[in-house]
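Coordinates from protein_37.txt are shown below (compact mmCIF, C-alpha atoms and all ligand atoms).
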```
# COMPACT_ATOMS: atom_id res chain seq x y z
CA MET A 1 -29.65 -11.83 -21.20
CA ILE A 2 -32.78 -13.49 -22.47
CA SER A 3 -33.53 -14.26 -26.15
CA PHE A 4 -36.75 -15.59 -27.67
CA SER A 5 -36.88 -17.80 -30.78
CA SER A 6 -39.31 -20.24 -32.32
CA ILE A 7 -38.80 -23.86 -33.35
CA GLN A 8 -40.60 -25.36 -36.31
CA HIS A 9 -41.31 -29.07 -36.62
CA SER A 10 -43.77 -31.31 -38.45
CA PRO A 11 -46.72 -32.72 -36.49
CA THR A 12 -45.26 -36.24 -36.69
CA GLN A 13 -42.30 -35.18 -34.63
CA ASN A 14 -42.47 -35.43 -30.90
CA PRO A 15 -42.16 -31.86 -29.63
CA THR A 16 -40.42 -32.92 -26.45
CA THR A 17 -37.74 -34.80 -28.40
CA THR A 18 -37.16 -31.82 -30.64
CA ALA A 19 -36.76 -29.48 -27.76
CA ALA A 20 -34.35 -31.76 -25.95
CA SER A 21 -32.10 -32.18 -28.98
CA SER A 22 -32.17 -28.50 -29.80
CA SER A 23 -30.81 -27.58 -26.42
CA ALA A 24 -28.21 -30.35 -26.33
CA GLY A 25 -24.65 -29.26 -26.73
CA THR A 26 -25.29 -25.64 -25.88
CA ALA A 27 -24.33 -23.94 -22.66
CA ASN A 28 -27.46 -21.77 -22.74
CA ARG A 29 -30.35 -22.96 -20.68
CA THR A 30 -33.52 -23.62 -22.75
CA PHE A 31 -36.98 -23.38 -21.27
CA LEU A 32 -39.93 -24.74 -23.24
CA LEU A 33 -43.27 -23.16 -22.72
CA PRO A 34 -46.02 -25.81 -22.22
CA HIS A 35 -48.27 -24.58 -25.11
CA TYR A 36 -47.49 -24.14 -28.75
CA HIS A 37 -49.34 -22.73 -31.72
CA THR A 38 -50.23 -24.52 -34.96
CA HIS A 39 -51.39 -22.74 -38.04
CA LYS A 40 -51.97 -23.47 -41.70
CA LEU A 41 -49.68 -22.25 -44.42
CA PRO A 42 -50.97 -19.90 -47.18
CA LEU A 43 -52.91 -21.56 -50.04
CA ASN A 44 -50.31 -20.72 -52.67
CA SER A 45 -47.66 -22.83 -50.92
CA PRO A 46 -46.42 -26.04 -52.59
CA PRO A 47 -48.84 -29.00 -52.10
CA PHE A 48 -46.70 -30.84 -49.50
CA PHE A 49 -46.49 -27.79 -47.29
CA GLN A 50 -50.16 -27.00 -47.73
CA THR A 51 -51.11 -30.22 -45.97
CA ALA A 52 -48.40 -29.94 -43.31
CA LYS A 53 -49.22 -28.30 -40.08
CA VAL A 54 -46.39 -26.21 -38.67
CA SER A 55 -46.17 -25.86 -34.98
CA ARG A 56 -44.31 -22.96 -33.43
CA ARG A 57 -42.94 -23.27 -29.96
CA LEU A 58 -41.66 -20.37 -28.04
CA ARG A 59 -38.25 -20.97 -26.61
CA ILE A 60 -36.58 -18.76 -24.02
CA ARG A 61 -32.85 -18.80 -23.86
CA ALA A 62 -31.51 -17.45 -20.59
CA ILE A 63 -27.85 -16.70 -20.28
CA ASP A 64 -26.90 -16.25 -16.64
CA ALA A 65 -30.10 -14.43 -15.85
CA ALA A 66 -30.96 -14.62 -12.17
CA GLN A 67 -34.14 -16.63 -11.69
CA PRO A 68 -35.93 -17.28 -8.41
CA PHE A 69 -34.87 -20.90 -8.74
CA ASP A 70 -31.41 -20.12 -10.13
CA TYR A 71 -29.01 -21.13 -7.38
CA GLU A 72 -25.99 -20.51 -9.60
CA SER A 73 -26.10 -16.75 -9.20
CA LEU A 74 -26.73 -17.22 -5.49
CA LEU A 75 -23.62 -19.38 -5.24
CA VAL A 76 -21.59 -16.95 -7.35
CA ASN A 77 -22.55 -14.17 -4.93
CA ARG A 78 -21.71 -16.32 -1.94
CA PHE A 79 -18.34 -17.21 -3.46
CA ALA A 80 -17.54 -13.55 -4.21
CA GLN A 81 -18.40 -12.65 -0.63
CA SER A 82 -16.27 -15.47 0.77
CA ALA A 83 -13.28 -14.04 -1.14
CA LYS A 84 -13.69 -10.80 0.83
CA LEU A 85 -12.04 -10.18 4.16
CA LYS A 86 -13.15 -8.64 7.43
CA ILE A 87 -10.21 -6.39 8.27
CA ALA A 88 -9.86 -4.74 11.67
CA ILE A 89 -7.61 -1.68 11.54
CA ILE A 90 -6.11 -0.88 14.93
CA GLY A 91 -4.89 2.72 14.83
CA PHE A 92 -7.25 4.71 12.65
CA GLY A 93 -5.10 7.82 12.22
CA ASN A 94 -3.68 9.33 9.05
CA PHE A 95 -2.40 6.13 7.48
CA GLY A 96 -5.12 3.80 8.80
CA GLN A 97 -7.85 5.88 7.16
CA PHE A 98 -5.85 6.09 3.93
CA LEU A 99 -5.61 2.28 3.71
CA ALA A 100 -9.25 1.77 4.74
CA LYS A 101 -10.44 3.63 1.62
CA ALA A 102 -8.75 1.11 -0.70
CA PHE A 103 -9.95 -1.90 1.34
CA ILE A 104 -13.55 -0.67 1.20
CA ARG A 105 -13.28 0.23 -2.49
CA GLN A 106 -12.32 -3.40 -3.15
CA GLY A 107 -15.35 -4.72 -1.27
CA HIS A 108 -13.76 -5.76 2.01
CA THR A 109 -15.41 -5.08 5.35
CA VAL A 110 -13.47 -2.68 7.56
CA PHE A 111 -13.69 -2.46 11.35
CA ALA A 112 -11.72 0.29 13.04
CA HIS A 113 -10.46 1.02 16.52
CA SER A 114 -8.28 3.86 17.77
CA ARG A 115 -7.35 5.72 20.92
CA SER A 116 -9.27 8.77 19.62
CA ASP A 117 -12.89 8.78 18.51
CA TYR A 118 -12.99 8.45 14.71
CA SER A 119 -16.55 7.08 14.59
CA SER A 120 -17.92 9.73 12.24
CA ILE A 121 -14.92 9.54 9.89
CA ALA A 122 -15.26 5.74 9.89
CA GLN A 123 -18.94 6.02 9.08
CA SER A 124 -18.29 8.44 6.23
CA LEU A 125 -15.78 5.99 4.74
CA GLY A 126 -18.07 2.98 5.12
CA ALA A 127 -16.21 1.38 8.04
CA VAL A 128 -17.56 0.38 11.45
CA PHE A 129 -15.87 2.02 14.43
CA PHE A 130 -15.50 0.15 17.73
CA PHE A 131 -14.67 2.03 20.93
CA ASP A 132 -13.97 -1.23 22.71
CA THR A 133 -11.50 -3.81 21.40
CA HIS A 134 -13.48 -6.61 23.10
CA ASP A 135 -16.49 -5.82 20.93
CA LEU A 136 -14.28 -5.60 17.86
CA CYS A 137 -12.56 -8.96 18.49
CA GLU A 138 -15.92 -10.65 19.05
CA GLU A 139 -16.79 -9.77 15.45
CA HIS A 140 -14.08 -12.31 14.53
CA PRO A 141 -12.21 -10.33 11.88
CA ASP A 142 -10.10 -12.37 9.45
CA VAL A 143 -7.26 -9.86 9.72
CA ILE A 144 -6.02 -7.65 12.55
CA LEU A 145 -4.03 -4.84 10.93
CA LEU A 146 -1.78 -2.88 13.28
CA CYS A 147 -1.47 0.69 12.07
CA THR A 148 -0.49 2.53 15.24
CA SER A 149 2.61 4.68 15.70
CA ILE A 150 5.77 2.58 15.90
CA ILE A 151 6.48 3.63 19.47
CA SER A 152 2.99 2.67 20.75
CA THR A 153 2.68 -0.64 18.89
CA GLU A 154 3.95 -2.91 21.65
CA SER A 155 1.58 -1.54 24.31
CA VAL A 156 -1.36 -1.59 21.86
CA LEU A 157 -0.68 -5.23 20.89
CA LYS A 158 -0.40 -6.26 24.55
CA SER A 159 -3.74 -4.58 25.32
CA LEU A 160 -5.72 -6.54 22.67
CA PRO A 161 -8.05 -9.27 24.02
CA ILE A 162 -6.69 -11.84 21.56
CA GLN A 163 -8.49 -14.65 23.41
CA ARG A 164 -11.72 -13.39 21.81
CA LEU A 165 -10.39 -13.87 18.27
CA ARG A 166 -10.65 -16.97 16.12
CA ARG A 167 -7.70 -19.22 16.77
CA ASN A 168 -5.92 -18.70 13.47
CA THR A 169 -6.55 -14.99 12.90
CA LEU A 170 -4.03 -13.28 10.59
CA PHE A 171 -2.01 -10.46 12.19
CA VAL A 172 -0.56 -7.90 9.79
CA ASP A 173 1.38 -4.72 10.47
CA VAL A 174 2.28 -1.79 8.22
CA LEU A 175 4.96 -0.22 10.40
CA SER A 176 7.76 1.63 8.63
CA VAL A 177 10.30 -0.55 10.45
CA LYS A 178 10.06 -4.31 10.17
CA GLU A 179 12.27 -6.28 12.56
CA PHE A 180 10.64 -4.66 15.58
CA PRO A 181 7.00 -5.67 14.83
CA LYS A 182 8.14 -9.12 13.70
CA ASN A 183 9.86 -9.67 17.04
CA ILE A 184 6.95 -8.43 19.16
CA PHE A 185 4.44 -10.48 17.14
CA LEU A 186 6.55 -13.59 17.71
CA GLN A 187 6.92 -12.69 21.36
CA TYR A 188 3.27 -11.98 22.22
CA LEU A 189 1.15 -13.99 19.76
CA PRO A 190 0.48 -17.68 20.35
CA SER A 191 1.73 -19.94 17.58
CA HIS A 192 -1.78 -20.55 16.18
CA PHE A 193 -2.00 -16.97 14.87
CA ASP A 194 -0.62 -16.16 11.42
CA ILE A 195 1.84 -13.28 10.95
CA LEU A 196 2.44 -11.14 7.87
CA CYS A 197 4.77 -8.14 8.18
CA THR A 198 4.35 -5.50 5.49
CA HIS A 199 5.43 -1.99 4.62
CA PRO A 200 3.67 0.01 1.93
CA MET A 201 6.53 2.28 0.76
CA PHE A 202 4.19 5.24 0.30
CA GLY A 203 1.84 7.38 2.30
CA PRO A 204 -1.26 9.56 1.97
CA GLU A 205 0.82 12.25 0.25
CA SER A 206 2.98 10.19 -2.12
CA GLY A 207 0.12 7.77 -2.88
CA LYS A 208 -2.66 10.32 -3.29
CA ASN A 209 -2.82 9.85 -7.06
CA GLY A 210 -2.92 6.05 -6.94
CA TRP A 211 -0.55 3.25 -5.98
CA GLN A 212 0.56 2.23 -9.47
CA ASN A 213 4.18 0.99 -9.40
CA LEU A 214 4.67 2.01 -5.76
CA ALA A 215 6.64 -0.59 -3.80
CA PHE A 216 4.92 -2.82 -1.26
CA VAL A 217 7.31 -4.86 0.91
CA PHE A 218 6.14 -8.01 2.68
CA ASP A 219 7.51 -10.90 4.68
CA LYS A 220 5.32 -13.98 5.35
CA VAL A 221 6.74 -14.51 8.81
CA ARG A 222 4.38 -17.33 9.85
CA ILE A 223 1.47 -18.57 7.73
CA GLY A 224 -0.14 -21.94 8.51
CA ASN A 225 -0.12 -24.67 5.86
CA GLU A 226 -3.89 -24.99 5.53
CA GLU A 227 -5.33 -23.93 2.19
CA SER A 228 -7.67 -21.38 3.79
CA ARG A 229 -4.82 -19.67 5.67
CA LEU A 230 -2.59 -19.50 2.61
CA THR A 231 -5.50 -18.11 0.57
CA ARG A 232 -6.34 -15.52 3.22
CA ALA A 233 -2.78 -14.14 3.21
CA GLU A 234 -2.81 -14.04 -0.60
CA THR A 235 -6.20 -12.30 -0.62
CA PHE A 236 -4.79 -9.61 1.66
CA LEU A 237 -1.71 -9.15 -0.54
CA ASP A 238 -3.97 -9.04 -3.61
CA ILE A 239 -5.49 -5.79 -2.35
CA PHE A 240 -2.17 -4.06 -3.01
CA LYS A 241 -1.50 -6.06 -6.18
CA ASN A 242 -4.91 -4.99 -7.54
CA GLU A 243 -4.03 -1.34 -6.90
CA GLY A 244 -0.94 -1.79 -9.07
CA CYS A 245 1.72 -1.90 -6.35
CA ARG A 246 5.14 -3.37 -7.09
CA MET A 247 5.17 -6.37 -4.75
CA VAL A 248 8.59 -6.96 -3.14
CA GLU A 249 9.05 -9.98 -0.90
CA MET A 250 12.05 -9.67 1.42
CA THR A 251 12.98 -10.43 5.02
CA CYS A 252 12.30 -7.85 7.71
CA ALA A 253 16.07 -7.57 8.33
CA GLU A 254 16.75 -6.82 4.66
CA HIS A 255 13.99 -4.21 4.66
CA ASP A 256 15.44 -2.38 7.66
CA LYS A 257 18.90 -2.31 6.12
CA TYR A 258 17.65 -0.80 2.86
CA ALA A 259 15.12 1.50 4.53
CA ALA A 260 17.70 3.07 6.84
CA GLY A 261 19.81 4.02 3.83
CA SER A 262 16.86 5.33 1.83
CA GLN A 263 13.75 6.20 3.84
CA PHE A 264 15.46 7.39 7.02
CA ILE A 265 17.93 9.52 5.04
CA THR A 266 15.03 10.98 3.00
CA HIS A 267 13.04 11.89 6.11
CA THR A 268 16.14 13.34 7.78
CA MET A 269 16.98 15.54 4.79
CA GLY A 270 13.34 16.64 4.56
CA ARG A 271 13.33 17.64 8.21
CA ILE A 272 16.67 19.47 7.97
CA LEU A 273 15.39 21.45 4.99
CA GLU A 274 12.15 22.16 6.82
CA LYS A 275 14.18 23.82 9.56
CA LEU A 276 15.70 26.14 6.94
CA GLN A 277 12.18 27.42 6.15
CA LEU A 278 12.82 27.49 2.42
CA ASP A 279 10.96 30.12 0.42
CA ASN A 280 8.99 29.52 -2.73
CA THR A 281 10.57 32.00 -5.16
CA GLN A 282 9.75 33.19 -8.65
CA ILE A 283 12.95 31.65 -9.98
CA ASN A 284 12.62 28.11 -8.57
CA THR A 285 14.73 25.59 -10.47
CA LYS A 286 13.48 22.02 -10.99
CA GLY A 287 15.98 20.79 -8.39
CA TYR A 288 14.77 23.32 -5.85
CA GLU A 289 11.15 22.34 -6.54
CA THR A 290 12.16 18.75 -5.72
CA LEU A 291 13.50 19.94 -2.37
CA LEU A 292 10.28 21.82 -1.63
CA ASN A 293 8.30 18.67 -2.48
CA LEU A 294 10.50 16.64 -0.18
CA VAL A 295 9.80 19.05 2.67
CA GLU A 296 6.06 18.85 1.96
CA ASN A 297 6.13 15.04 1.83
CA THR A 298 8.02 14.55 5.07
CA ALA A 299 6.41 17.40 7.02
CA SER A 300 2.98 15.78 6.67
CA ASP A 301 4.21 12.72 8.60
CA SER A 302 4.14 12.83 12.40
CA PHE A 303 7.31 13.28 14.42
CA ASP A 304 6.39 9.96 16.13
CA LEU A 305 6.84 8.28 12.78
CA TYR A 306 10.25 9.86 12.20
CA TYR A 307 11.36 9.10 15.74
CA GLY A 308 10.21 5.49 15.24
CA LEU A 309 12.35 5.22 12.10
CA PHE A 310 15.35 6.25 14.18
CA MET A 311 14.65 4.44 17.46
CA TYR A 312 13.38 1.11 16.13
CA ASN A 313 15.76 0.51 13.24
CA LYS A 314 19.18 -0.51 14.45
CA ASN A 315 20.76 0.68 11.19
CA ALA A 316 19.49 4.26 11.55
CA MET A 317 22.21 5.48 13.94
CA GLU A 318 24.94 4.37 11.53
CA GLN A 319 23.22 6.30 8.73
CA LEU A 320 22.97 9.42 10.90
CA GLU A 321 26.72 9.20 11.61
CA ARG A 322 27.48 8.69 7.93
CA LEU A 323 25.39 11.76 7.15
CA ASP A 324 27.38 13.75 9.72
CA LEU A 325 30.71 12.54 8.31
CA ALA A 326 29.58 13.26 4.76
CA PHE A 327 28.67 16.83 5.72
CA GLU A 328 32.03 17.37 7.43
CA ALA A 329 33.89 15.89 4.47
CA LEU A 330 32.01 18.17 2.10
CA LYS A 331 32.83 21.25 4.20
CA LYS A 332 36.50 20.25 4.28
CA GLU A 333 36.48 19.85 0.51
CA LEU A 334 34.91 23.28 0.09
CA PHE A 335 37.24 25.07 2.50
CA GLY A 336 40.26 23.16 1.18
CA HIS A 337 39.39 24.43 -2.28
CA LEU A 338 39.01 27.94 -0.91
CA HIS A 339 42.49 27.81 0.73
CA GLU A 340 43.97 26.70 -2.54
CA VAL A 341 42.43 29.67 -4.36
CA LEU A 342 43.60 32.12 -1.68
CA ARG A 343 47.12 30.70 -1.74
CA LYS A 344 47.27 31.07 -5.50
CA GLN A 345 46.17 34.66 -5.21
CA LEU A 346 48.81 35.33 -2.57
CA PHE A 347 51.75 33.47 -4.03
CA GLY A 348 51.09 32.82 -7.67
CA LYS A 349 51.66 29.35 -9.13
CA SER A 350 50.86 26.50 -6.76
CA GLU A 351 53.70 24.29 -8.06
CA GLU A 352 56.32 26.46 -6.26
CA SER A 353 58.38 24.57 -3.71
CA PRO A 354 57.16 24.62 -0.11
CA ARG A 355 60.38 26.39 0.96
CA LEU A 356 59.79 29.19 -1.55
CA VAL A 357 56.12 29.41 -0.50
CA LEU A 358 57.24 29.70 3.14
CA ALA A 359 59.75 32.41 2.27
CA LYS A 360 57.07 34.34 0.38
CA MET A 361 54.69 33.99 3.31
CA VAL A 362 57.36 35.40 5.65
CA LEU A 363 57.96 38.31 3.27
CA PHE A 364 54.22 38.86 3.02
CA VAL A 365 53.86 38.97 6.79
CA LEU A 366 56.86 41.33 7.12
CA ASP A 367 55.36 43.62 4.49
CA TYR A 368 52.11 43.54 6.38
CA ILE A 369 53.80 44.45 9.68
CA LYS A 370 55.77 47.24 7.99
CA ALA A 371 52.61 48.68 6.49
CA ALA A 372 50.82 48.48 9.83
CA ALA A 373 53.75 50.16 11.62
CA SER A 374 53.84 53.03 9.11
CA LEU A 375 50.14 53.51 9.61
CA LEU A 376 50.73 53.73 13.37
CA ASP A 377 53.57 56.26 12.81
CA ASP A 378 51.20 58.44 10.81
P1 LIG A 401 1.79 7.78 13.36
O1 LIG A 401 1.96 9.02 14.09
O2 LIG A 401 2.99 6.96 13.14
O3 LIG A 401 0.65 6.91 14.06
C1 LIG A 401 -0.59 7.45 14.39
C2 LIG A 401 -1.48 6.35 14.87
O4 LIG A 401 -0.97 5.78 16.08
C3 LIG A 401 -2.86 6.86 15.19
O5 LIG A 401 -3.80 5.89 14.83
C4 LIG A 401 -2.83 7.02 16.70
O6 LIG A 401 -4.08 6.85 17.30
C5 LIG A 401 -1.96 5.86 17.11
N1 LIG A 401 -1.28 6.12 18.39
C6 LIG A 401 -0.29 7.00 18.64
N2 LIG A 401 0.09 6.93 19.94
C7 LIG A 401 -0.69 5.99 20.53
C8 LIG A 401 -0.79 5.45 21.83
N3 LIG A 401 0.01 5.86 22.81
N4 LIG A 401 -1.71 4.50 22.07
C9 LIG A 401 -2.53 4.07 21.08
N5 LIG A 401 -2.48 4.53 19.81
C10 LIG A 401 -1.57 5.47 19.54
O7 LIG A 401 1.14 8.21 11.95
P2 LIG A 401 0.55 7.40 10.73
O8 LIG A 401 1.05 8.11 9.54
O9 LIG A 401 -0.90 7.25 10.89
O10 LIG A 401 1.27 5.97 10.73
C11 LIG A 401 0.68 4.83 11.28
C12 LIG A 401 1.59 3.63 11.04
O11 LIG A 401 1.72 3.42 9.64
C13 LIG A 401 2.99 3.82 11.58
O12 LIG A 401 3.43 2.64 12.17
C14 LIG A 401 3.82 4.15 10.36
O13 LIG A 401 5.16 3.74 10.49
C15 LIG A 401 3.08 3.35 9.29
N6 LIG A 401 3.22 3.88 7.93
C16 LIG A 401 2.94 5.18 7.70
C17 LIG A 401 3.11 5.70 6.44
C18 LIG A 401 2.82 7.16 6.14
O14 LIG A 401 3.22 7.64 5.10
N7 LIG A 401 2.15 7.87 6.97
C19 LIG A 401 3.54 4.87 5.40
C20 LIG A 401 3.79 3.54 5.66
C21 LIG A 401 3.64 3.05 6.92
P3 LIG A 401 -5.04 8.12 17.51
O15 LIG A 401 -5.06 8.85 16.22
O16 LIG A 401 -6.32 7.48 17.87
O17 LIG A 401 -4.43 8.93 18.59
```
So, in terms of structure tokens, how does the structure I just supplied come out?
Amino acid sequence: MISFSSIQHSPTQNPTTTAASSSAGTANRTFLLPHYHTHKLPLNSPPFFQTAKVSRRLRIRAIDAAQPFDYESLLVNRFAQSAKLKIAIIGFGNFGQFLAKAFIRQGHTVFAHSRSDYSSIAQSLGAVFFFDTHDLCEEHPDVILLCTSIISTESVLKSLPIQRLRRNTLFVDVLSVKEFPKNIFLQYLPSHFDILCTHPMFGPESGKNGWQNLAFVFDKVRIGNEESRLTRAETFLDIFKNEGCRMVEMTCAEHDKYAAGSQFITHTMGRILEKLQLDNTQINTKGYETLLNLVENTASDSFDLYYGLFMYNKNAMEQLERLDLAFEALKKELFGHLHEVLRKQLFGKSEESPRLVLAKMVLFVLDYIKAAASLLDD
């Protein structure tokens, strides 16, 4: 913003001094133009003023206006750019593309690589697609983000030419299981690489209307002590914070324990219901609508993802068994209740002694046989 104003001073005053003192103590920059105008006051002015010459100097006040010689704005731009990351997404499928949109929206540079050719999708999103991981690594991304299916992650990680990366590159994963990627990162990555394991607890379907209050789990498995490395990890986490995620720091082991009891069960129920091919009826209740939504949410995820939740989380099997037991227990409860009702119908009050109940059952069976025999006689 630029504002113009004039300064008045008597001819005895040194114009330079006046200008200097007028700008002192203010944050605005003041530029004095080299020439100034003097003019006489009207004749009807008081005598003192009639003799005084008034000089007017044009002053320009510039508040953060970019000037050719203004290095401040240049530095501000450079600083803003340095706070941005170059993120290489390995695995540019459903979820990789979904994340890329938010990264790009927040001004980060996104490189992408995948088994399939997503070059035109990448271009449309504003990302750069690399067919060859060697070329990608030579761009020296700040972050390598693994976003491949759980079951392919180990082979993909092993195939990366990590020798072409900067020595302290940050490796991040977003796999839906956490102990597994943590272990393979620690196994295959030299100690000079940083490791951040994360799990956004939402997907393209559940996060399509924004990420506000959606949980984002992370575990800083290995981050170097240097300021720049700590800042880089925080800058990456800030992407999710800025989108409004609920940031939850916990160990990978804790995550897997909780996720087996929540996420794996959810996906399993969704897939069971999908097999029932539920109909959308005119008389849907709210509860039924929830079930239909669950089917829609889980069906849009690949089977690889679901299989990964089962295979690569050691707590998943226990949950599957619990689910089985719970279903059996529920059936027993239902049928047990049914027996009770039938018995009451057959023998009246349930508080009758077992001996009496047995006697009645014998009589009932005898009656039944008699009736059947008479039918045969007829
Ligand atoms: P996904 O089926 O789990 O993974 C698909 C991705 O894996 C694609 O990029 C695919 O590459 C790649 N891939 C599969 N097999 C491969 C192989 N043999 N070699 C190399 N790459 C292979 O589906 P997703 O939903 O995109 O999930 C990606 C990751 O994000 C998973 O680890 C998942 O657990 C995690 N995640 C997903 C969600 C979600 O809601 N979807 C949420 C949180 C975390 P191509 O497409 O090039 O074949």
Produce a table with one row for each residue of chain A that has an atom at most 9 Å from any atom of ligand LIG 401 (chain A), each row naming the nearest atom pair and its distance in Å at one decimal; use all atoms listed in the file; arrange rows by chain and rising residue number; format as a tab-separated table.
```
residue	atom	partner	partner_atom	distance
A:Ile90	CA	A:LIG401	O5	7.2
A:Gly91	CA	A:LIG401	O5	3.4
A:Phe92	CA	A:LIG401	O5	4.2
A:Gly93	CA	A:LIG401	O5	3.5
A:Asn94	CA	A:LIG401	O9	3.9
A:Phe95	CA	A:LIG401	O9	3.9
A:Gly96	CA	A:LIG401	O9	5.8
A:Gln97	CA	A:LIG401	O9	8.0
A:Phe98	CA	A:LIG401	O9	8.6
A:His113	CA	A:LIG401	O16	7.8
A:Ser114	CA	A:LIG401	O16	4.1
A:Arg115	CA	A:LIG401	O16	3.7
A:Ser116	CA	A:LIG401	O16	3.7
A:Asp117	CA	A:LIG401	O16	6.7
A:Tyr118	CA	A:LIG401	O16	7.4
A:Leu146	CA	A:LIG401	C12	7.7
A:Cys147	CA	A:LIG401	C12	4.4
A:Thr148	CA	A:LIG401	O4	3.4
A:Ser149	CA	A:LIG401	O3	3.4
A:Ile150	CA	A:LIG401	O12	4.4
A:Ile151	CA	A:LIG401	N2	7.2
A:Ser152	CA	A:LIG401	C8	4.8
A:Thr153	CA	A:LIG401	C9	7.4
A:Ser155	CA	A:LIG401	N4	7.2
A:Val156	CA	A:LIG401	C9	5.8
A:Asp173	CA	A:LIG401	O12	7.8
A:Val174	CA	A:LIG401	C21	5.2
A:Leu175	CA	A:LIG401	O12	3.7
A:Ser176	CA	A:LIG401	O13	3.8
A:Val177	CA	A:LIG401	O13	6.7
A:Thr198	CA	A:LIG401	C21	8.7
A:His199	CA	A:LIG401	C21	5.8
A:Pro200	CA	A:LIG401	C20	5.1
A:Met201	CA	A:LIG401	C20	5.8
A:Phe202	CA	A:LIG401	C19	5.2
A:Gly203	CA	A:LIG401	O14	3.1
A:Pro204	CA	A:LIG401	O14	5.8
A:Glu205	CA	A:LIG401	O14	7.1
A:Ser206	CA	A:LIG401	O14	7.7
A:Gly207	CA	A:LIG401	O14	8.6
A:Asn297	CA	A:LIG401	O14	8.6
A:Thr298	CA	A:LIG401	O14	8.4
A:Ser300	CA	A:LIG401	N7	8.0
A:Asp301	CA	A:LIG401	N7	5.5
A:Ser302	CA	A:LIG401	O1	4.7
A:Phe303	CA	A:LIG401	O1	6.8
A:Asp304	CA	A:LIG401	O1	5.0
A:Leu305	CA	A:LIG401	O2	4.1
A:Tyr306	CA	A:LIG401	O2	7.9
A:Gly308	CA	A:LIG401	O13	7.2
A:Leu309	CA	A:LIG401	O13	7.5
```
Shell around Leu145 in chain A at 7 Å using only C-alpha atoms, local window under 3 positions removed, as a PyMOL selection string: chain A and resi 87-90+171-173
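CA of Leu196 in chain A lies 15.0 Å from CA of Ser228 in chain A.
Of note, CA of Glu234 in chain A and CA of Phe185 in chain A are spaced 19.5 Å apart.
With only C-alpha atoms as the atoms that count, the minimum distance from Leu358 in chain A to the choices A:Lys286, A:Lys275, A:Arg343, A:Lys84 is reached by A:Arg343.
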Separating CA of Asn209 in chain A from CA of Pro181 in chain A, to the nearest tenth of an Å, is a gap of 28.6 Å
Can you tell me which residues surround range 122-126 of chain A at a distance of at most 9 Å, considering only C-alpha atoms, apart from same-chain residues fewer than 3 positions away, and format the answer as a PyMOL selection string? chain A and resi 92+97+100-101+104+109-112+118-119+129
Which residues are near Gln319 in chain A? Cut-off 8 Å, all atoms listed in the file, ignore same chain within fewer than 4 positions. Put them as a PyMOL selection string. chain A and resi 260-261+265+315+323
Of A:Ser262, A:Thr285, A:Gln277, A:Asn225, the one nearest to Asn168 in chain A when counting all atoms listed in the file is A:Asn225
Each side padded by 4 Å, which centre and which edge lengths in Å (one decimal) define the axis-aligned box around the listed atoms of range 233-248 of chain A? Give them as lines of an AutoDock Vina configuration file.
```
center_x = 1.2
center_y = -7.7
center_z = -2.9
size_x = 22.8
size_y = 20.8
size_z = 20.3
```
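For Phe310 in chain A, the set of protein, DNA and RNA residues having any atom at most 8 Å away, when counting only C-alpha atoms and skipping those fewer than 5 positions along the same chain, is A:Phe264, A:Ala316, A:Met317.
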Export of prior selection with C-alpha atoms as a JSON list (two decimals), keeping the file's coordinate frame:
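Result file follows (result-v4.json):
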```json
[["chain", "number", "residue", "atom", "x", "y", "z"],
["A", 264, "PHE", "CA", 15.46, 7.39, 7.02],
["A", 316, "ALA", "CA", 19.49, 4.26, 11.55],
["A", 317, "MET", "CA", 22.21, 5.48, 13.94]]
```
From the set A:Gly244, A:Gly210, A:Gly224, A:Gly348, which residue has the shortest atom-to-atom contact distance to Arg167 in chain A, counting only C-alpha atoms? A:Gly224
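Residues with any atom within 10 Å of range 360-364 of chain A, counting only C-alpha atoms and excluding same-chain neighbours fewer than 5 positions away, are Arg343, Leu346, Phe347, Pro354, Arg355, Ile369 and Lys370 of chain A.
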